[in-house]
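Data block for structure32.cif (mmCIF, C-alpha atoms):
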```
data_upload
loop_
_atom_site.label_atom_id
_atom_site.label_comp_id
_atom_site.auth_asym_id
_atom_site.auth_seq_id
_atom_site.Cartn_x
_atom_site.Cartn_y
_atom_site.Cartn_z
CA MET A 1 191.76 55.26 214.29
CA THR A 2 195.29 56.60 213.79
CA ASP A 3 196.13 60.31 213.76
CA GLN A 4 196.70 60.09 210.02
CA GLU A 5 193.29 58.51 209.47
CA ILE A 6 191.67 61.26 211.54
CA ILE A 7 193.46 63.91 209.48
CA GLU A 8 192.36 62.27 206.23
CA ARG A 9 188.75 62.12 207.40
CA ILE A 10 188.84 65.80 208.41
CA ASP A 11 190.36 66.85 205.10
CA THR A 12 188.02 64.82 202.92
CA SER A 13 184.94 65.92 204.92
CA LEU A 14 185.87 69.60 204.65
CA ALA A 15 186.91 69.28 201.00
CA GLU A 16 183.58 67.71 200.11
CA GLU A 17 181.53 70.18 202.12
CA PHE A 18 183.27 73.34 200.99
CA GLU A 19 184.42 72.21 197.53
CA LEU A 20 188.07 72.63 198.46
CA ASP A 21 191.03 71.21 196.57
CA LEU A 22 192.76 68.54 198.66
CA ALA A 23 196.11 69.78 197.33
CA ASP A 24 195.53 73.11 199.13
CA MET A 25 194.75 71.40 202.41
CA VAL A 26 198.10 71.62 204.13
CA PRO A 27 198.33 72.01 207.92
CA GLU A 28 199.67 75.56 207.71
CA ALA A 29 196.75 76.72 205.50
CA THR A 30 194.79 79.45 207.28
CA ILE A 31 191.04 78.94 207.32
CA TYR A 32 190.01 82.37 206.07
CA GLU A 33 192.84 83.57 203.85
CA ASP A 34 194.19 80.32 202.34
CA LEU A 35 191.09 78.12 202.27
CA GLY A 36 188.74 81.04 201.60
CA LEU A 37 186.13 80.12 204.18
CA ASP A 38 183.87 82.79 205.69
CA SER A 39 182.38 83.13 209.15
CA LEU A 40 179.28 81.11 208.23
CA ASP A 41 181.48 78.35 206.83
CA THR A 42 183.19 78.00 210.19
CA VAL A 43 179.79 77.40 211.79
CA ASP A 44 179.04 74.78 209.12
CA MET A 45 182.51 73.31 209.64
CA VAL A 46 181.62 72.47 213.24
CA ILE A 47 178.49 70.65 212.05
CA VAL A 48 180.53 68.72 209.47
CA LEU A 49 183.14 67.64 212.02
CA GLU A 50 180.47 66.64 214.53
CA ALA A 51 178.80 64.49 211.89
CA ALA A 52 182.10 62.96 210.76
CA PHE A 53 183.29 62.02 214.25
CA LYS A 54 180.00 61.64 216.15
CA PHE A 55 180.88 64.05 218.93
CA LYS A 56 179.75 67.52 220.04
CA ILE A 57 182.28 70.33 219.84
CA ARG A 58 180.21 73.47 219.30
CA GLU A 59 180.33 74.46 222.97
CA GLU A 60 184.10 74.00 223.32
CA ALA A 61 185.97 77.26 223.96
CA ALA A 62 189.12 75.99 222.23
CA ILE A 63 187.35 75.97 218.88
CA ARG A 64 187.39 79.76 218.83
CA GLU A 65 191.20 79.69 218.86
CA ILE A 66 191.43 77.74 215.61
CA ARG A 67 193.26 79.62 212.85
CA THR A 68 194.75 76.96 210.56
CA LEU A 69 193.88 73.54 209.21
CA GLY A 70 196.63 72.16 211.45
CA ASP A 71 194.80 73.64 214.46
CA ILE A 72 191.68 71.75 213.37
CA HIS A 73 193.67 68.52 213.04
CA ASN A 74 195.13 68.91 216.52
CA PHE A 75 191.82 69.94 218.06
CA VAL A 76 189.93 66.98 216.59
CA ILE A 77 192.68 64.46 217.38
CA ASP A 78 192.76 65.69 220.98
CA LYS A 79 188.96 65.56 221.26
CA TYR A 80 188.82 62.11 219.65
CA ARG A 81 191.48 60.71 221.99
CA ARG A 82 189.77 62.17 225.08
CA GLN A 83 186.46 60.71 223.99
CA ASP A 84 188.10 57.39 223.16
CA GLY A 85 189.77 57.31 226.61
CA ALA A 86 186.50 58.09 228.36
CA ALA A 87 184.64 55.33 226.52
CA MET B 1 173.04 99.61 163.75
CA ALA B 2 173.07 95.84 163.62
CA THR B 3 173.66 94.01 166.87
CA LEU B 4 176.53 91.58 167.11
CA GLY B 5 176.94 88.40 169.12
CA PRO B 6 180.16 86.60 170.10
CA CYS B 7 179.98 84.35 167.08
CA ASP B 8 179.97 87.41 164.84
CA ARG B 9 183.55 87.98 165.96
CA ARG B 10 184.43 85.29 163.50
CA GLY B 11 183.41 87.79 160.85
CA GLY B 12 186.87 89.29 160.70
CA LEU B 13 187.23 92.93 159.75
CA SER B 14 183.60 93.97 160.30
CA ALA B 15 183.61 92.41 163.75
CA ARG B 16 186.87 94.12 164.65
CA LEU B 17 185.45 97.44 163.49
CA ALA B 18 182.33 96.87 165.58
CA ALA B 19 184.51 96.18 168.63
CA LEU B 20 186.52 99.34 167.94
CA LEU B 21 183.37 101.39 167.54
CA MET B 22 182.00 99.89 170.74
CA ASN B 23 185.06 100.89 172.76
CA LEU B 24 185.12 104.38 171.25
CA THR B 25 181.46 105.08 172.00
CA VAL B 26 180.47 103.05 175.05
CA TYR B 27 183.11 104.29 177.48
CA PRO B 28 182.55 108.04 176.81
CA LEU B 29 178.79 107.58 176.94
CA LEU B 30 179.03 105.62 180.18
CA ILE B 31 181.19 108.33 181.74
CA LEU B 32 178.73 111.02 180.66
CA TRP B 33 175.74 109.01 181.89
CA THR B 34 177.45 108.35 185.22
CA LEU B 35 178.41 112.01 185.67
CA LEU B 36 174.88 113.09 184.82
CA GLY B 37 173.54 110.66 187.41
CA LEU B 38 175.94 111.89 190.08
CA VAL B 39 175.40 115.58 189.42
CA THR B 40 171.61 115.28 189.45
CA LEU B 41 171.49 112.90 192.43
CA PRO B 42 171.13 115.69 195.06
CA LEU B 43 168.02 116.76 193.16
CA THR B 44 166.53 113.44 192.03
CA LEU B 45 166.83 111.69 195.39
CA PRO B 46 164.73 114.18 197.44
CA LEU B 47 162.40 114.84 194.51
CA ILE B 48 161.51 111.17 194.02
CA ARG B 49 161.14 110.77 197.76
CA LEU B 50 158.83 113.76 197.90
CA VAL B 51 156.64 112.43 195.09
CA THR B 52 156.56 108.77 196.13
CA GLY B 53 157.06 108.87 199.89
CA TRP B 54 159.60 106.06 199.57
CA SER B 55 162.47 105.44 201.98
CA VAL B 56 166.00 106.58 201.07
CA GLN B 57 166.98 102.95 200.39
CA ARG B 58 164.08 102.22 198.07
CA THR B 59 164.54 105.53 196.24
CA MET B 60 168.25 104.93 195.77
CA ARG B 61 167.60 101.43 194.43
CA TYR B 62 165.13 102.96 191.97
CA ILE B 63 167.74 105.50 190.83
CA ILE B 64 170.30 102.71 190.43
CA TRP B 65 167.80 100.73 188.35
CA VAL B 66 167.12 103.77 186.13
CA TYR B 67 170.88 104.21 185.76
CA GLY B 68 170.97 100.56 184.71
CA GLN B 69 168.32 101.23 182.04
CA GLY B 70 170.64 103.87 180.61
CA TRP B 71 173.48 101.35 180.63
CA LEU B 72 171.31 98.89 178.71
CA LEU B 73 170.45 101.56 176.17
CA ILE B 74 174.12 102.40 175.63
CA MET B 75 175.04 98.74 175.29
CA ARG B 76 172.17 97.57 173.09
CA PRO B 77 173.76 98.42 169.72
CA PHE B 78 176.57 96.01 170.58
CA ILE B 79 175.01 93.50 172.94
CA ARG B 80 172.17 91.14 172.16
CA PHE B 81 170.28 90.72 175.43
CA GLU B 82 168.13 87.63 175.86
CA THR B 83 166.03 87.00 178.94
CA GLN B 84 163.90 84.10 180.05
CA GLY B 85 161.69 83.55 183.06
CA LEU B 86 161.94 87.14 184.33
CA ASP B 87 158.27 87.23 185.14
CA PRO B 88 157.32 90.05 187.60
CA ASP B 89 155.02 87.66 189.47
CA ARG B 90 157.79 85.12 189.91
CA LEU B 91 160.18 87.84 191.08
CA ARG B 92 157.75 89.39 193.52
CA ALA B 93 159.36 90.39 196.85
CA PRO B 94 160.28 89.03 199.26
CA ALA B 95 162.65 86.69 197.50
CA ILE B 96 166.34 85.86 197.42
CA LEU B 97 168.15 85.91 194.09
CA VAL B 98 171.44 84.12 193.45
CA VAL B 99 173.38 84.68 190.25
CA ASN B 100 176.66 83.37 188.89
CA HIS B 101 179.49 85.88 188.50
CA LEU B 102 181.58 86.39 185.38
CA SER B 103 182.27 90.07 184.90
CA PHE B 104 182.32 93.54 186.44
CA PHE B 105 179.24 94.28 184.33
CA ASP B 106 177.15 91.48 185.89
CA THR B 107 175.68 93.92 188.41
CA TYR B 108 174.70 96.27 185.56
CA CYS B 109 172.92 93.39 183.83
CA MET B 110 170.56 93.18 186.79
CA ALA B 111 168.85 96.16 185.17
CA LEU B 112 167.28 93.48 182.97
CA LEU B 113 165.18 92.44 185.96
CA PRO B 114 161.62 93.74 185.76
CA CYS B 115 161.79 95.08 189.31
CA PHE B 116 163.95 97.82 190.79
CA ASP B 117 163.84 97.10 194.51
CA VAL B 118 166.84 94.78 194.52
CA ASN B 119 169.36 94.93 197.33
CA PHE B 120 172.85 93.60 196.56
CA ALA B 121 175.13 91.70 198.91
CA VAL B 122 178.67 92.69 197.96
CA ARG B 123 182.23 92.43 199.17
CA SER B 124 183.97 95.23 201.06
CA TRP B 125 186.13 96.75 198.32
CA PRO B 126 183.36 98.54 196.35
CA PHE B 127 182.31 100.29 199.57
CA ARG B 128 185.77 101.88 199.68
CA MET B 129 185.21 103.59 196.30
CA ILE B 130 184.11 107.19 196.92
CA PHE B 131 180.90 107.44 194.87
CA TYR B 132 180.10 103.73 194.73
CA GLY B 133 180.44 103.47 198.51
CA PHE B 134 178.21 106.47 199.14
CA ILE B 135 175.49 105.22 196.79
CA MET B 136 175.63 101.62 197.97
CA ARG B 137 175.37 102.65 201.61
CA ARG B 138 172.35 104.84 200.81
CA ALA B 139 170.77 101.92 198.96
CA GLY B 140 171.30 99.66 201.98
CA TYR B 141 173.55 97.17 200.21
CA LEU B 142 175.06 94.55 202.48
CA ASP B 143 178.82 94.58 203.04
CA VAL B 144 178.86 90.86 203.76
CA GLU B 145 182.64 90.67 204.00
CA SER B 146 182.76 93.04 206.97
CA MET B 147 179.80 91.49 208.79
CA THR B 148 179.61 88.42 210.96
CA TRP B 149 177.16 85.91 209.57
CA ARG B 150 174.68 86.79 212.33
CA GLU B 151 174.84 90.49 211.39
CA ALA B 152 174.45 89.63 207.70
CA LEU B 153 171.52 87.36 208.49
CA ALA B 154 169.79 90.10 210.51
CA ALA B 155 170.40 92.67 207.78
CA GLY B 156 169.10 90.28 205.12
CA GLN B 157 165.98 89.60 207.19
CA GLU B 158 165.38 93.34 207.40
CA VAL B 159 165.62 93.70 203.61
CA LEU B 160 163.20 90.83 203.01
CA ALA B 161 160.77 92.33 205.52
CA GLN B 162 160.62 95.67 203.63
CA PRO B 163 159.76 93.67 201.39
CA ALA B 164 162.54 93.75 198.78
CA LEU B 165 164.62 91.30 196.79
CA GLN B 166 167.99 90.34 198.25
CA LEU B 167 170.56 89.40 195.63
CA PHE B 168 173.75 87.41 196.20
CA PHE B 169 176.65 86.36 194.02
CA PRO B 170 177.23 83.09 195.93
CA GLU B 171 180.63 82.52 194.30
CA GLY B 172 181.94 85.69 195.94
CA HIS B 173 184.35 86.35 193.04
CA ARG B 174 184.19 86.52 189.27
CA SER B 175 184.94 83.20 187.63
CA ARG B 176 188.18 83.22 185.64
CA ASP B 177 187.26 80.27 183.41
CA GLY B 178 183.50 80.65 183.07
CA ARG B 179 182.80 77.62 185.25
CA LEU B 180 180.89 77.86 188.50
CA GLN B 181 183.17 78.21 191.51
CA ARG B 182 182.44 77.07 195.00
CA PHE B 183 179.29 78.60 196.50
CA TYR B 184 179.23 80.32 199.86
CA SER B 185 176.26 79.48 202.08
CA GLY B 186 174.96 82.91 203.16
CA ALA B 187 172.09 83.22 200.66
CA PHE B 188 170.90 79.70 201.40
CA ARG B 189 171.12 80.14 205.15
CA LEU B 190 169.03 83.32 204.83
CA ALA B 191 166.48 81.38 202.76
CA THR B 192 166.15 78.50 205.21
CA GLU B 193 166.15 80.75 208.29
CA THR B 194 163.42 83.03 206.92
CA GLY B 195 161.49 80.49 204.83
CA THR B 196 161.90 82.76 201.80
CA LYS B 197 161.86 81.42 198.25
CA LEU B 198 165.15 81.53 196.38
CA ILE B 199 165.37 82.17 192.66
CA PRO B 200 168.52 81.08 190.80
CA LEU B 201 169.56 83.36 187.93
CA CYS B 202 171.90 82.12 185.21
CA LEU B 203 173.98 84.70 183.36
CA THR B 204 176.19 84.10 180.32
CA GLY B 205 178.06 86.26 177.84
CA THR B 206 179.34 88.99 180.16
CA ASP B 207 182.70 87.22 180.20
CA THR B 208 182.84 87.92 176.45
CA LEU B 209 181.70 91.51 176.94
CA LEU B 210 184.32 92.27 179.60
CA PRO B 211 186.25 89.39 181.18
CA PRO B 212 188.10 89.88 184.48
CA GLY B 213 191.38 91.76 184.14
CA ARG B 214 190.51 93.34 180.77
CA PHE B 215 189.35 96.81 179.74
CA ARG B 216 188.55 96.25 176.08
CA LEU B 217 184.87 95.65 175.48
CA ARG B 218 183.68 93.11 172.95
CA PRO B 219 180.26 92.66 171.35
CA ALA B 220 178.45 89.75 172.94
CA ARG B 221 175.19 87.94 173.43
CA VAL B 222 174.17 88.22 177.08
CA ARG B 223 171.58 85.83 178.45
CA LEU B 224 169.87 86.16 181.82
CA HIS B 225 167.56 83.29 182.70
CA ALA B 226 165.56 82.87 185.90
CA LEU B 227 165.05 79.27 186.95
CA ASP B 228 162.05 78.05 188.92
CA PRO B 229 161.93 79.28 192.53
CA VAL B 230 163.32 76.94 195.16
CA ASP B 231 161.34 76.43 198.34
CA PRO B 232 163.54 76.20 201.46
CA ALA B 233 160.92 73.97 203.08
CA ASP B 234 162.26 71.20 200.82
CA PHE B 235 165.54 71.35 202.74
CA PRO B 236 164.75 70.78 206.42
CA GLY B 237 167.19 70.20 209.26
CA GLU B 238 170.18 71.89 210.81
CA ASN B 239 172.23 71.57 207.64
CA GLY B 240 169.36 72.24 205.24
CA HIS B 241 171.04 75.32 203.82
CA VAL B 242 174.02 73.23 202.74
CA ALA B 243 171.79 70.72 200.94
CA MET B 244 169.94 73.63 199.35
CA ARG B 245 173.21 75.23 198.27
CA LYS B 246 174.35 72.02 196.59
CA ALA B 247 170.99 71.42 194.89
CA VAL B 248 170.77 74.99 193.56
CA LYS B 249 174.34 74.92 192.32
CA GLU B 250 173.70 71.68 190.47
CA ARG B 251 170.58 73.12 188.80
CA MET B 252 172.47 76.24 187.78
CA ARG B 253 175.41 74.17 186.51
CA ARG B 254 173.14 72.08 184.30
CA HIS B 255 171.31 75.13 182.96
CA LEU B 256 174.56 77.01 182.26
CA GLU B 257 175.94 73.98 180.43
CA GLY B 258 172.83 74.00 178.23
CA LEU B 259 173.30 77.71 177.54
CA GLU B 260 176.97 77.18 176.74
CA GLU B 261 176.08 74.60 174.10
CA ARG B 262 173.75 77.14 172.48
CA ARG B 263 176.28 79.95 172.72
CA CYS B 264 176.94 80.16 168.97
#
```
As structure tokens, please, write out the structure in this file.
Amino acid sequence: MTDQEIIERIDTSLAEEFELDLADMVPEATIYEDLGLDSLDTVDMVIVLEAAFKFKIREEAAIREIRTLGDIHNFVIDKYRRQDGAA
Amino acid sequence: MATLGPCDRRGGLSARLAALLMNLTVYPLLILWTLLGLVTLPLTLPLIRLVTGWSVQRTMRYIIWVYGQGWLLIMRPFIRFETQGLDPDRLRAPAILVVNHLSFFDTYCMALLPCFDVNFAVRSWPFRMIFYGFIMRRAGYLDVESMTWREALAAGQEVLAQPALQLFFPEGHRSRDGRLQRFYSGAFRLATETGTKLIPLCLTGTDTLLPPGRFRLRPARVRLHALDPVDPADFPGENGHVAMRKAVKERMRRHLEGLEERRC
């Protein structure tokens, strides 16, 4: 899967789950202010990403540093590549 | 005085006069009623507590509900209220209520509920208003915007254990176009975590009465319908609250569409 395909899967998964407009889903969009998610949504977001990419990320410390959609893209791409390399 | 619905606005001059009369009478009466409530609060709160033995929260919710009855009385000459499914047995606590959000007056319309012990989950800004904040804190309302979801969940569990009704506006904001916006998950998570029934409420007409960003009141027909309770046991699994949220929203959307077709 290319980086672009990973990004598209993240965006479509989150858009479907949280009823977001894909046009608003730019990398610099902040999760709380721009996308309007709340603290419970971020918990659900982890579940959505785990289901979309078949990996576990809820215990990862780096996830608490995520502020923007671009951070999510980078985090998931990095996790996906590490998992892919280990396989 | 004859009551007027939104379709009566087509009536031209008489409808415009009714709207004018509404604005000239409702606002002064509301101010007087609110001032009376505030001035007598230091007396009514301890007095009701003394007579009933209720907690501060329950007593304050009762006073808010009585205030809401006054609001209904002031509005009735201009608003045709229609309710459906607001059966006291159906709305027996503990239960979680979710209602769509169209207008500042939506919270006032909850006075149509046949029960007074309703705790609201609201955003932070009303808590910053001097009197509103004081009263809402005494009533135990949840400031869900300032809480983490774990804190909100614990506070909601406490309310349900009293037992009381916990009400959410799952959209978080008033809709600008009358359509349902995206739903936040808090109410549904509370339902699945506690196994508490959830009752969807559908509200229409308050966007005619007072739409967001406006101050001029208009005569309207306000409908508040309670749909059948939803059992969280039907939505098992880690992400059950999300499935429940989507199912409830779809039911509300369909019901609101039906109400919209019958609007005039």
Inset, instruction - Identify all residues satisfying the PyMOL selection byres ((chain B) within 12 of (chain A)) in the given file; provide them as a ChimeraX atom specification. - result: /B:123,144-153,170-173,180-190,237-243,245-246,249
Inset, instruction - Considering all atoms listed in the file, state which residue in the set B:Leu201, B:Ile135, B:Leu217, B:Ile63 is at the smallest distance from B:Arg251. - result: B:Leu201
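You can rank A:Lys56, A:Asp21, A:Leu35, A:Val76 by their closest distance to A:Glu5 using only C-alpha atoms, and at the top of that list sits A:Val76.
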Legend entry - Interatomic distance (Å, one decimal) between atom CA of B:Leu38 and atom CA of B:Ser103: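 For atom CA of B:Leu38 relative to atom CA of B:Ser103, the distance reads 23.3 Å.
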Legend entry - Selected residue of minimal separation from B:Ala154 among B:Leu142, B:Met244, B:Leu47, B:Ala220, counting all atoms listed in the file: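 Result for the nearest residue to B:Ala154: B:Leu142.
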Legend entry - Distance of atom CA of B:Glu250 from atom CA of B:Arg80, expressed in Å to one decimal place: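 A separation of 26.8 Å between them.
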Legend entry - Output of the PyMOL selection byres ((chain B and resi 19-27) around 10), listed as a ChimeraX atom specification: /B:4,9,13-18,28-33,71,74-75,77-79,209,215-220
Legend entry - Target residues per the PyMOL selection byres ((chain B and resi 72) around 10), formatted as a VMD selection string: chain B and resid 66 to 71 73 to 77 79 81 108 to 112
